[in-house]
Each structure stands twice: as C-alpha cells, then as structure tokens.
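Undergrad: I'm passing along protein29.pdb; it holds PDB, C-alpha atoms.
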ATOM      1  CA  MET S   1     100.118 251.314 -22.890
ATOM      2  CA  GLU S   2     101.200 252.498 -26.310
ATOM      3  CA  THR S   3     103.295 249.545 -27.441
ATOM      4  CA  THR S   4     103.162 247.356 -30.502
ATOM      5  CA  PRO S   5     104.384 243.840 -29.667
ATOM      6  CA  LEU S   6     106.812 241.913 -31.843
ATOM      7  CA  VAL S   7     106.291 238.213 -32.583
ATOM      8  CA  VAL S   8     109.327 236.254 -33.773
ATOM      9  CA  ASP S   9     109.644 232.444 -33.937
ATOM     10  CA  GLY S  10     106.791 231.826 -31.510
ATOM     11  CA  ILE S  11     107.888 234.421 -28.944
ATOM     12  CA  LEU S  12     105.975 237.627 -28.279
ATOM     13  CA  TYR S  13     108.098 240.557 -27.063
ATOM     14  CA  ALA S  14     106.338 243.565 -25.564
ATOM     15  CA  THR S  15     107.136 246.603 -23.472
ATOM     16  CA  ARG S  16     105.178 248.132 -20.638
ATOM     17  CA  PRO S  17     105.625 251.528 -19.034
ATOM     18  CA  PRO S  18     108.005 252.902 -18.255
ATOM     19  CA  ASN S  19     110.703 250.585 -19.673
ATOM     20  CA  ASP S  20     110.053 246.948 -18.889
ATOM     21  CA  VAL S  21     110.217 244.147 -21.463
ATOM     22  CA  VAL S  22     108.527 240.752 -21.340
ATOM     23  CA  ALA S  23     108.975 237.698 -23.579
ATOM     24  CA  LEU S  24     106.016 235.297 -23.778
ATOM     25  CA  ASP S  25     105.588 231.910 -25.434
ATOM     26  CA  THR S  26     102.801 232.450 -27.992
ATOM     27  CA  GLN S  27     101.532 228.870 -27.668
ATOM     28  CA  THR S  28     101.179 228.715 -23.892
ATOM     29  CA  GLY S  29     101.285 232.342 -22.754
ATOM     30  CA  ARG S  30     104.069 231.384 -20.338
ATOM     31  CA  ARG S  31     106.505 234.148 -19.455
ATOM     32  CA  LEU S  32     109.988 233.226 -20.702
ATOM     33  CA  TRP S  33     111.769 236.217 -19.191
ATOM     34  CA  TYR S  34     111.183 239.697 -17.863
ATOM     35  CA  TYR S  35     113.537 242.682 -17.951
ATOM     36  CA  HIS S  36     113.085 245.674 -15.657
ATOM     37  CA  TYR S  37     114.938 248.856 -16.602
ATOM     38  CA  PRO S  38     115.450 251.057 -13.532
ATOM     39  CA  VAL S  39     114.341 254.612 -14.289
ATOM     40  CA  PRO S  40     116.052 257.368 -12.305
ATOM     41  CA  ASP S  41     114.072 259.866 -10.241
ATOM     42  CA  LYS S  42     113.061 263.147 -11.843
ATOM     43  CA  VAL S  43     112.590 261.896 -15.406
ATOM     44  CA  TYR S  44     110.209 264.336 -17.092
ATOM     45  CA  THR S  45     107.963 263.454 -19.992
ATOM     46  CA  CYS S  46     105.026 265.515 -21.115
ATOM     47  CA  CYS S  47     102.434 262.796 -21.380
ATOM     48  CA  GLY S  48     103.453 260.013 -19.015
ATOM     49  CA  GLN S  49     106.379 257.626 -19.001
ATOM     50  CA  VAL S  50     105.405 255.618 -22.063
ATOM     51  CA  ASN S  51     107.269 253.210 -24.292
ATOM     52  CA  ARG S  52     106.066 252.481 -27.804
ATOM     53  CA  GLY S  53     107.896 249.239 -28.405
ATOM     54  CA  LEU S  54     110.993 247.409 -29.498
ATOM     55  CA  ALA S  55     113.014 246.683 -32.600
ATOM     56  CA  ILE S  56     114.745 243.373 -33.280
ATOM     57  CA  LEU S  57     117.746 242.392 -35.361
ATOM     58  CA  GLY S  58     118.932 238.792 -35.180
ATOM     59  CA  ASP S  59     119.085 237.855 -31.499
ATOM     60  CA  ARG S  60     119.062 241.442 -30.167
ATOM     61  CA  LEU S  61     116.151 243.567 -29.023
ATOM     62  CA  PHE S  62     116.456 247.353 -28.869
ATOM     63  CA  MET S  63     114.532 249.791 -26.687
ATOM     64  CA  ALA S  64     114.632 253.555 -26.170
ATOM     65  CA  THR S  65     114.289 254.512 -22.504
ATOM     66  CA  VAL S  66     112.564 257.461 -20.850
ATOM     67  CA  ASP S  67     115.925 258.622 -19.474
ATOM     68  CA  ALA S  68     117.226 259.089 -23.045
ATOM     69  CA  LYS S  69     119.230 255.867 -23.416
ATOM     70  CA  LEU S  70     119.162 253.158 -26.064
ATOM     71  CA  ILE S  71     119.606 249.606 -24.803
ATOM     72  CA  ALA S  72     120.172 246.225 -26.422
ATOM     73  CA  LEU S  73     118.888 243.012 -24.840
ATOM     74  CA  ASP S  74     119.602 239.395 -25.673
ATOM     75  CA  ALA S  75     116.316 238.139 -27.185
ATOM     76  CA  LYS S  76     116.742 234.648 -25.714
ATOM     77  CA  SER S  77     117.511 235.602 -22.101
ATOM     78  CA  GLY S  78     116.606 239.275 -21.644
ATOM     79  CA  ARG S  79     120.159 240.026 -20.510
ATOM     80  CA  LEU S  80     121.392 243.592 -21.048
ATOM     81  CA  LEU S  81     124.041 243.623 -23.801
ATOM     82  CA  TRP S  82     124.813 247.345 -23.996
ATOM     83  CA  LYS S  83     123.443 250.771 -23.082
ATOM     84  CA  SER S  84     124.206 254.029 -24.905
ATOM     85  CA  ALA S  85     123.292 257.533 -23.808
ATOM     86  CA  GLN S  86     121.471 259.645 -26.358
ATOM     87  CA  ALA S  87     121.223 262.822 -24.285
ATOM     88  CA  ASP S  88     120.826 264.213 -20.770
ATOM     89  CA  TYR S  89     117.365 263.414 -19.407
ATOM     90  CA  GLU S  90     117.760 266.159 -16.780
ATOM     91  CA  ALA S  91     117.655 268.691 -19.642
ATOM     92  CA  GLY S  92     114.243 267.372 -20.763
ATOM     93  CA  TYR S  93     115.320 264.676 -23.254
ATOM     94  CA  ALA S  94     113.450 261.346 -23.258
ATOM     95  CA  GLY S  95     113.130 258.224 -25.386
ATOM     96  CA  THR S  96     109.579 256.997 -25.995
ATOM     97  CA  VAL S  97     109.715 255.825 -29.614
ATOM     98  CA  ALA S  98     110.098 252.277 -30.900
ATOM     99  CA  PRO S  99     113.465 252.123 -32.708
ATOM    100  CA  LEU S 100     113.799 251.127 -36.361
ATOM    101  CA  ILE S 101     116.382 248.820 -37.941
ATOM    102  CA  ALA S 102     118.192 249.697 -41.178
ATOM    103  CA  LYS S 103     120.793 247.088 -42.136
ATOM    104  CA  ASP S 104     123.152 246.973 -39.127
ATOM    105  CA  LYS S 105     121.976 250.274 -37.591
ATOM    106  CA  VAL S 106     119.384 251.086 -34.941
ATOM    107  CA  ILE S 107     117.603 254.335 -35.792
ATOM    108  CA  VAL S 108     115.991 256.197 -32.909
ATOM    109  CA  GLY S 109     114.628 259.693 -32.331
ATOM    110  CA  ILE S 110     114.286 261.720 -29.169
ATOM    111  CA  ALA S 111     111.323 263.213 -27.299
ATOM    112  CA  GLY S 112     111.093 266.344 -25.194
ATOM    113  CA  GLY S 113     110.237 269.168 -27.576
ATOM    114  CA  GLU S 114     107.697 270.510 -25.106
ATOM    115  CA  TYR S 115     110.647 271.172 -22.765
ATOM    116  CA  GLY S 116     112.656 273.055 -25.364
ATOM    117  CA  ILE S 117     115.161 270.344 -26.287
ATOM    118  CA  ARG S 118     116.808 270.268 -29.703
ATOM    119  CA  GLY S 119     115.325 267.352 -31.633
ATOM    120  CA  PHE S 120     117.424 264.782 -33.469
ATOM    121  CA  VAL S 121     117.496 261.314 -34.975
ATOM    122  CA  ASP S 122     120.440 259.012 -34.190
ATOM    123  CA  ALA S 123     121.832 255.833 -35.719
ATOM    124  CA  TYR S 124     123.712 253.325 -33.546
ATOM    125  CA  ASP S 125     125.744 250.267 -34.482
ATOM    126  CA  ALA S 126     123.513 247.320 -33.544
ATOM    127  CA  ALA S 127     126.439 245.173 -32.371
ATOM    128  CA  THR S 128     128.265 247.708 -30.204
ATOM    129  CA  GLY S 129     125.884 250.564 -29.378
ATOM    130  CA  LYS S 130     128.330 253.129 -30.725
ATOM    131  CA  ARG S 131     126.619 256.139 -32.289
ATOM    132  CA  ALA S 132     127.219 256.231 -36.050
ATOM    133  CA  TRP S 133     125.551 259.559 -36.850
ATOM    134  CA  ARG S 134     123.138 262.218 -35.631
ATOM    135  CA  PHE S 135     120.761 264.356 -37.704
ATOM    136  CA  TYR S 136     119.315 267.412 -35.955
ATOM    137  CA  THR S 137     115.644 268.028 -36.748
ATOM    138  CA  ILE S 138     115.659 271.407 -34.972
ATOM    139  CA  PRO S 139     118.166 274.075 -35.994
ATOM    140  CA  GLY S 140     120.721 275.260 -33.464
ATOM    141  CA  ARG S 141     121.759 278.800 -32.683
ATOM    142  CA  THR S 142     124.044 278.974 -35.717
ATOM    143  CA  THR S 143     122.652 276.277 -37.978
ATOM    144  CA  LEU S 144     122.976 277.316 -41.614
ATOM    145  CA  THR S 145     119.816 277.505 -43.669
ATOM    146  CA  SER S 146     119.673 276.568 -47.343
ATOM    147  CA  VAL S 147     121.011 280.054 -48.155
ATOM    148  CA  PRO S 148     124.790 280.093 -47.567
ATOM    149  CA  GLY S 149     125.830 282.483 -44.820
ATOM    150  CA  ARG S 150     122.375 282.896 -43.278
ATOM    151  CA  ALA S 151     121.750 281.440 -39.845
ATOM    152  CA  ILE S 152     118.601 280.770 -37.858
ATOM    153  CA  PRO S 153     118.933 282.481 -34.488
ATOM    154  CA  GLY S 154     118.355 280.287 -31.439
ATOM    155  CA  ARG S 155     116.060 281.473 -28.680
ATOM    156  CA  PRO S 156     116.235 280.544 -24.996
ATOM    157  CA  VAL S 157     113.317 278.491 -23.722
ATOM    158  CA  ALA S 158     111.687 279.132 -20.360
ATOM    159  CA  ALA S 159     111.874 276.202 -17.965
ATOM    160  CA  ARG S 160     108.603 274.629 -16.885
ATOM    161  CA  PRO S 161     107.789 274.345 -13.171
ATOM    162  CA  GLY S 162     109.591 271.382 -11.654
ATOM    163  CA  LEU S 163     112.134 271.147 -14.455
ATOM    164  CA  PRO S 164     115.746 272.120 -14.049
ATOM    165  CA  ALA S 165     116.805 275.183 -16.016
ATOM    166  CA  LEU S 166     117.465 274.299 -19.633
ATOM    167  CA  THR S 167     120.744 275.194 -21.242
ATOM    168  CA  ILE S 168     120.714 275.785 -24.986
ATOM    169  CA  ARG S 169     124.006 274.592 -26.449
ATOM    170  CA  LYS S 170     125.478 275.219 -29.874
TER
END
Could you render the structure from this file as structure tokens?

TA:
Amino acid sequence: METTPLVVDGILYATRPPNDVVALDTQTGRRLWYYHYPVPDKVYTCCGQVNRGLAILGDRLFMATVDAKLIALDAKSGRLLWKSAQADYEAGYAGTVAPLIAKDKVIVGIAGGEYGIRGFVDAYDAATGKRAWRFYTIPGRTTLTSVPGRAIPGRPVAARPGLPALTIRK
C-alpha cells in the first residue's frame, strides 16, 4: 500500500489497491462506507496496481484510477458523482497518483512512461469533471522547442510483451 490517508472532521479516508476507498470513524474505527472501483482486465502498470491516495474539496473526494480515469465520490456516502477519462489504458496509460486541489480544480498526472506513453498533467473542474486544461510533460512528434521553428522528433516505442502495440499520436 502506498497511500496517505486523509482525516477530515473525524473521518479517515483511505485507498487500497487497486482503487477501493474506505471511510472510517476515527473515534471508533467503524467503517462508514466502502467504495469498490471495478478495474477492467488487462490494465498494465509497471510496478503493481497501486493507488497513492485521495484529494478532497468540500464534500467531494477525488481519486485517479489505474485505468486512467479520474473519479469524484460523495464524501458522506461514497456514491460516485462523476467519472472522467484521462487517456486510454490499453495504450499503457494509468493513474496512480493522489490528485491535488487548486481552487476549484483537481490536478492529476498520468503514469505509464515505461510503456512509452506521452506524459501530461491535467486539470478538471471539481464540480463537473470536465477537463479544463492539459500540459504535456513529454514533447510530441512536432512539439516546438524554445527555439522558434525547431521541433523535437518523436520516436516510435517498442511494445513490451503482453502489451498491445502502442500508437504514437501527434
């Protein structure tokens, strides 16, 4: 387990692999609710299907999932409020990071660099799950460098055994 629990108003929220969430009463240890996120078959992560935790804003909890989704849960009941796709997990993308909150946005990165994915950081509207922006951390085939007119060439990545062939997109 690689999670850091959150404690808010006497309730401890924690994740467990791959993408389950539990809410516990800190005084009694009693489980208040449990949320199980169903993970599809053939989700590839380099180092196990881990989850590093949650973020909270008001009465909403946010979790990145190993199939490259971002979900929002009601903190009082554990009910799913929304789910947004970050990327295609079949191409090697995964979500293992604990999201961050900045004002009304949920900031979350992506995992899968060992499978040749193009890294990025996204921001989502906390109320709706709509993506607000994306910042690529890995240049694409024609991403401009700091010198105008110069591009960094993209290179195909060999697929690992058991993984579907990766497609590099512009």

Undergrad: If you measure from CA of Val108 (chain S) to CA of Ala132 (chain S), what distance in Å do you get, rounded to one decimal?

TA: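 We find that CA of Val108 (chain S) and CA of Ala132 (chain S) lie 11.7 Å from each other.
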
Undergrad: With all atoms listed in the file as the counted atoms, please give the residues lying no more than 8 Å from Ile101 (chain S), apart from itself and same-chain residues fewer than 6 positions off, as a list in words.

TA: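 My reading of the contact set: Ala55, Ile56, Leu57 and Ile107 of chain S.
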
Undergrad: Determine the residue set returned by the PyMOL selection byres ((chain S and resi 4) around 10) for the present structure, and present it as a PDB file with C-alpha atoms, in the frame of the given file.

TA:
ATOM      1  CA  MET S   1     100.118 251.314 -22.890  1.00  0.00           C
ATOM      2  CA  GLU S   2     101.200 252.498 -26.310  1.00  0.00           C
ATOM      3  CA  THR S   3     103.295 249.545 -27.441  1.00  0.00           C
ATOM      4  CA  PRO S   5     104.384 243.840 -29.667  1.00  0.00           C
ATOM      5  CA  LEU S   6     106.812 241.913 -31.843  1.00  0.00           C
ATOM      6  CA  VAL S   7     106.291 238.213 -32.583  1.00  0.00           C
ATOM      7  CA  TYR S  13     108.098 240.557 -27.063  1.00  0.00           C
ATOM      8  CA  ALA S  14     106.338 243.565 -25.564  1.00  0.00           C
ATOM      9  CA  THR S  15     107.136 246.603 -23.472  1.00  0.00           C
ATOM     10  CA  ASN S  51     107.269 253.210 -24.292  1.00  0.00           C
ATOM     11  CA  ARG S  52     106.066 252.481 -27.804  1.00  0.00           C
ATOM     12  CA  GLY S  53     107.896 249.239 -28.405  1.00  0.00           C
ATOM     13  CA  LEU S  54     110.993 247.409 -29.498  1.00  0.00           C
ATOM     14  CA  ALA S  98     110.098 252.277 -30.900  1.00  0.00           C
TER      15      ALA S  98
END

Undergrad: Apply the PyMOL selection byres ((chain S and resi 67) around 6) to the displayed file and report the matching residues as a PyMOL selection string.

TA: chain S and resi 65-66+68-69+89+94

Undergrad: Looking at all atoms listed in the file, which of S:Leu70, S:Lys76, S:Thr96, S:Leu32 is the one that sits closest to Ala123 (chain S)?

TA: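 Answer, going by the shortest atom-to-atom distance: S:Leu70.
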